[in-house]
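Taking it in order: structure first as structure tokens, then the write-up.
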Amino acid sequence: MNNRVERYKQIGDVLSRHGLGFFASVAGLGRWIPFHHGVLGHERRSEPYTTPEHLRLALEELGPTFIKLGQILSTRSDLLPPDFLSELTKLQDAAPPVAASTIRTLIDQELGAAPEELFTEFDAEPLASASIGQAHAATLHDGTAVVVKVRRPDVIPTIEQDLEILQNLAMEASRRWEAAADYNLTGLASEFARTLRSELDYLQEGRNAERFALNFASNPNVHIPEVFWPVTTSRVLTLERIIGIKVDDVAALDSAGINREELASRAAELAYAMIFEDGFFHADPHPGNLFIEAGGRIGLIDFGMVGEVDERLREQLGALLRALTGDDASRVAEALLELSVMKRSVDRSRLNADLTEFMSLYRGRRIGEINIGPLVSRMLALLRAHHLQLPREVPMLSKFILMVEGIGVQLDPDFNLGEFLQPYAQQLTLSYFSPEALAKRLARSGLDAAQLALDLPERLRRLLDLVDSSGVEVHLRADELDPFMERVERVGNRLVAGIIAAAFIKGIGELASSDKNLWGRWERPLMGIGLGAASALGTYLAWTARRNKRSRR
């Protein structure tokens, strides 16, 4: 029988056996579900499995594509509640090891020589074996200890078939399930396919590692493994081996004389640099990917899943932070709606009411007095309640921050990420009003205006075509248009000047309300600039009004 049909039947059967028949039904798998269901293929327990546990077990049973789907969903705190997220983080991506002879053949095909020729030592027993690839310890001819990751044979066709099936199931569910409109299932399936294909390419993982190495080249407290490109392809990745103590092994850290309080601060500094300085962060910093070397240096591994914070997203997050510190629920609502990728109708009054209640929990408290974890969790729960879906980088960033806070508290029970991040949050707010940032926003506004001017003739042509096709005749002479165009120009000039003035005044107001200490240092220069700008704009408006009055005489 067709392998694709068999796979549809298998997915329907597994979901149904785990009590997830509703999802199988809305995805159009009902006809593939057998009438009689067998028992679960897992150890029986005295207490029943929960729905999140059933979901995890079903994904593990369905293999590598679905395991990766669950791992990525575990980062989507804007889509799933905490009990599902917690369970999906337990997904075990383990598989029986590939035979040593097969690994030798794969390396020979990819690198043009047997492992014994490429390495002075190659351990046929894998360090770890997952559903997509497995890792082997080896030694280069110059004595460098490395880890060789080898992708499993024939995994690509299986994953590609599953990705196509997931796309089809998402489209079917979007048609059958009314609530699917809140989640953009087809967009999520496409996004997942791009992410997984990127992870399958070891060349991309190598490039990610090199980018981190470049970003932290001047930081002696961080160790990013070197990529050895002569023995790396899209199916084989050779990285410097990092040996150290796992970051959550507190007893071993104490035995090694590592100062855990200082280590927690260094881990937080590493996170800050990734987010605020580089805009490129490790999206899976769980304890198994962090090793502490002698002397306390942090070694980071596994660069398949990364996140990026571009300038626009940084500005949007900054706007949200300023709105939160300004204690204005309506501005927070605007910032969240601007950040959301799902442009759908939202009950604004209810959203404002929920945000007002949320913000009352933190009113009058500095960020250094707030535990970041509960704040992020409450905010994400509120977003889920209003079906506001965020760009994938934001929930990934949230998980990253929560993981960093968890590691920090495990290392130092008195660690407070909010207190650590307070000066950086202030810096982010202040940078929004820097001359460079203001110049960029003005330039972007100018480009938008220029684009509008370029688009205007085409839009007018379409309007005239529409009027012509509807049989309406409009007669205008050129001399009749001149006064009209002059008035439009005058209004446009004044509007631009007014917008600039209003933006500047609003910016000064936001800075004054966001941090009294910073406002004290910037009060005189900003007030001087503001008065000068206001005078210049007033002079300009008066001059244009006088000139236009003369021209009409």
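FYI, nothing fancy with the structure tokens labels: chains A, B, ... in order, residues from 1 per chain, ligands from 1 as they appear.
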
Spatial neighbours of A:Ser255, max dist 12 Å, only C-alpha atoms, sep filter under 6 positions, as an NGL selection string: :A and (245 or 249 or 294)

Residues near A:Ile298, anyone? I mean within 12 Å using only C-alpha atoms, not counting same-chain ones fewer than 2 positions away, as an MDAnalysis selection string. chainID A and resid 216 219:225 242:247 258 262:271 285 287 289:296 300:301

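Checking A:Ala251, A:Met305, A:Val332, A:Leu411 one by one against A:Thr75, counting only C-alpha atoms, you find the shortest gap at A:Met305.
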
DSSP strand (DSSP E or B) selection over stretch 176-302 of chain A, as a list in words: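 Here is the list: Val222, His223, Val227, Val236, Leu237, Thr238, Leu239, Glu240, Ile245, Lys246, Phe280, Phe281, His282, Leu290, Phe291, Ile292, Ile298, Gly299 and Leu300 of chain A.
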
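We find atom CA of A:Val227 and atom CA of A:His282 to be spaced 16.7 Å apart.
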
Name the residues in contact with A:Leu73 at a cut-off of 10 Å, using only C-alpha atoms, excluding same-chain residues fewer than 3 positions from it; report them as a list in words.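 Within the cut-off, the hits are Ile67, Lys68, Leu69, Gly70, Arg76, Ser77, Asp78, Leu79, Leu80, Phe84, Leu85, Leu88, Thr89, Leu188, Phe192, Pro395 and Met396 of chain A.
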
Got a sec: who's within 10 Å of A:Trp229, counting only C-alpha atoms, leaving out chain neighbours fewer than 2 positions off, as an MDAnalysis selection string? chainID A and resid 203 206 226:227 231:233 236:239

For the residues selected in the previous step, produce a file with N, CA and C atoms as a JSON list (two decimals), in the first residue's frame.
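Below is the file that was written, out.json:
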[["chain", "number", "residue", "atom", "x", "y", "z"],
["A", 203, "LEU", "N", 25.59, 22.51, 7.92],
["A", 203, "LEU", "CA", 26.34, 23.70, 7.50],
["A", 203, "LEU", "C", 25.76, 24.94, 8.17],
["A", 206, "GLY", "N", 26.84, 25.05, 11.72],
["A", 206, "GLY", "CA", 28.22, 25.51, 11.78],
["A", 206, "GLY", "C", 28.32, 27.03, 11.62],
["A", 226, "GLU", "N", 35.07, 25.69, 18.15],
["A", 226, "GLU", "CA", 35.51, 25.97, 16.78],
["A", 226, "GLU", "C", 34.92, 24.95, 15.81],
["A", 227, "VAL", "N", 34.57, 25.42, 14.63],
["A", 227, "VAL", "CA", 34.07, 24.54, 13.57],
["A", 227, "VAL", "C", 35.25, 24.16, 12.67],
["A", 231, "VAL", "N", 36.35, 19.04, 7.55],
["A", 231, "VAL", "CA", 35.67, 17.77, 7.85],
["A", 231, "VAL", "C", 34.21, 18.04, 8.25],
["A", 232, "THR", "N", 33.59, 18.98, 7.54],
["A", 232, "THR", "CA", 32.19, 19.33, 7.78],
["A", 232, "THR", "C", 31.44, 19.44, 6.46],
["A", 233, "THR", "N", 30.23, 18.88, 6.41],
["A", 233, "THR", "CA", 29.34, 19.02, 5.26],
["A", 233, "THR", "C", 27.92, 19.21, 5.81],
["A", 236, "VAL", "N", 27.58, 16.01, 7.94],
["A", 236, "VAL", "CA", 28.59, 15.72, 8.97],
["A", 236, "VAL", "C", 29.11, 17.05, 9.51],
["A", 237, "LEU", "N", 29.10, 17.20, 10.84],
["A", 237, "LEU", "CA", 29.57, 18.43, 11.47],
["A", 237, "LEU", "C", 30.64, 18.08, 12.49],
["A", 238, "THR", "N", 31.80, 18.71, 12.35],
["A", 238, "THR", "CA", 32.91, 18.46, 13.28],
["A", 238, "THR", "C", 33.19, 19.73, 14.07],
["A", 239, "LEU", "N", 33.01, 19.63, 15.39],
["A", 239, "LEU", "CA", 33.18, 20.77, 16.30],
["A", 239, "LEU", "C", 34.19, 20.42, 17.38]]

Would you mind listing what lies within 7 Å of stretch 137-144 of chain A as a list in words, with only C-alpha atoms counted and same-chain residues fewer than 5 positions away left out?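 Once the adjacent positions are removed, what remains is Phe119, Thr120, Glu121, Phe122, Asp123 and Leu127 of chain A.
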
For A:Ser174, the nearest of the candidates A:Ser86, A:Thr186, A:Ser349, A:Ser101, counting only C-alpha atoms: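 Checking each candidate against A:Ser174, we get A:Thr186 as the closest.
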
With distances taken over only C-alpha atoms, which of A:Ile132, A:Met379, A:Ala173, A:Leu397 is nearest to A:Thr158? A:Ile132

Give me the residues within 8 Å of stretch 345-348 of chain A as a ChimeraX atom specification, counting only C-alpha atoms and dropping any in the same chain fewer than 4 places off. /A:333,352,386

Which polymer residues have any atom within 10 Å of an atom of A:Pro96, counting only C-alpha atoms, with same-chain residues fewer than 6 positions away left out, as a ChimeraX atom specification? /A:128-131,134

Restricted to all heavy atoms, what would the selected residues look like written as a compact mmCIF listing (two decimals), in the first residue's frame?
# COMPACT_ATOMS: atom_id res chain seq x y z
N ALA A 128 25.96 10.20 21.99
CA ALA A 128 24.50 10.34 22.07
C ALA A 128 23.92 9.95 20.73
O ALA A 128 24.55 10.14 19.69
CB ALA A 128 24.13 11.77 22.43
N SER A 129 22.71 9.39 20.76
CA SER A 129 22.04 8.98 19.54
C SER A 129 20.62 9.50 19.55
O SER A 129 19.83 9.13 20.42
CB SER A 129 22.05 7.45 19.42
OG SER A 129 21.41 7.04 18.23
N ALA A 130 20.30 10.39 18.61
CA ALA A 130 18.97 10.99 18.52
C ALA A 130 18.30 10.54 17.23
O ALA A 130 18.88 9.80 16.42
CB ALA A 130 19.06 12.50 18.59
N SER A 131 17.08 11.01 17.03
CA SER A 131 16.30 10.55 15.87
C SER A 131 16.80 11.13 14.55
O SER A 131 16.52 10.59 13.49
CB SER A 131 14.83 10.92 16.08
OG SER A 131 14.69 12.30 16.31
N GLN A 134 23.58 11.39 15.30
CA GLN A 134 24.26 10.94 16.50
C GLN A 134 25.67 11.52 16.52
O GLN A 134 26.22 11.89 15.48
CB GLN A 134 24.29 9.43 16.62
CG GLN A 134 25.00 8.67 15.54
CD GLN A 134 24.80 7.16 15.70
OE1 GLN A 134 23.69 6.67 15.96
NE2 GLN A 134 25.88 6.40 15.55

With only C-alpha atoms as the atoms that count, which of A:Leu106, A:Leu163, A:Val250, A:Leu361 lies nearest to A:Ser234?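 For A:Ser234, the nearest of the candidates is A:Leu106.
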
Write out as a ChimeraX atom specification the set of residues from stretch 160-270 of chain A that DSSP, computed on the backbone, places in helix (DSSP H, G or I). /A:160-176,178-182,185-200,202-215,229-231,250-255,260-270
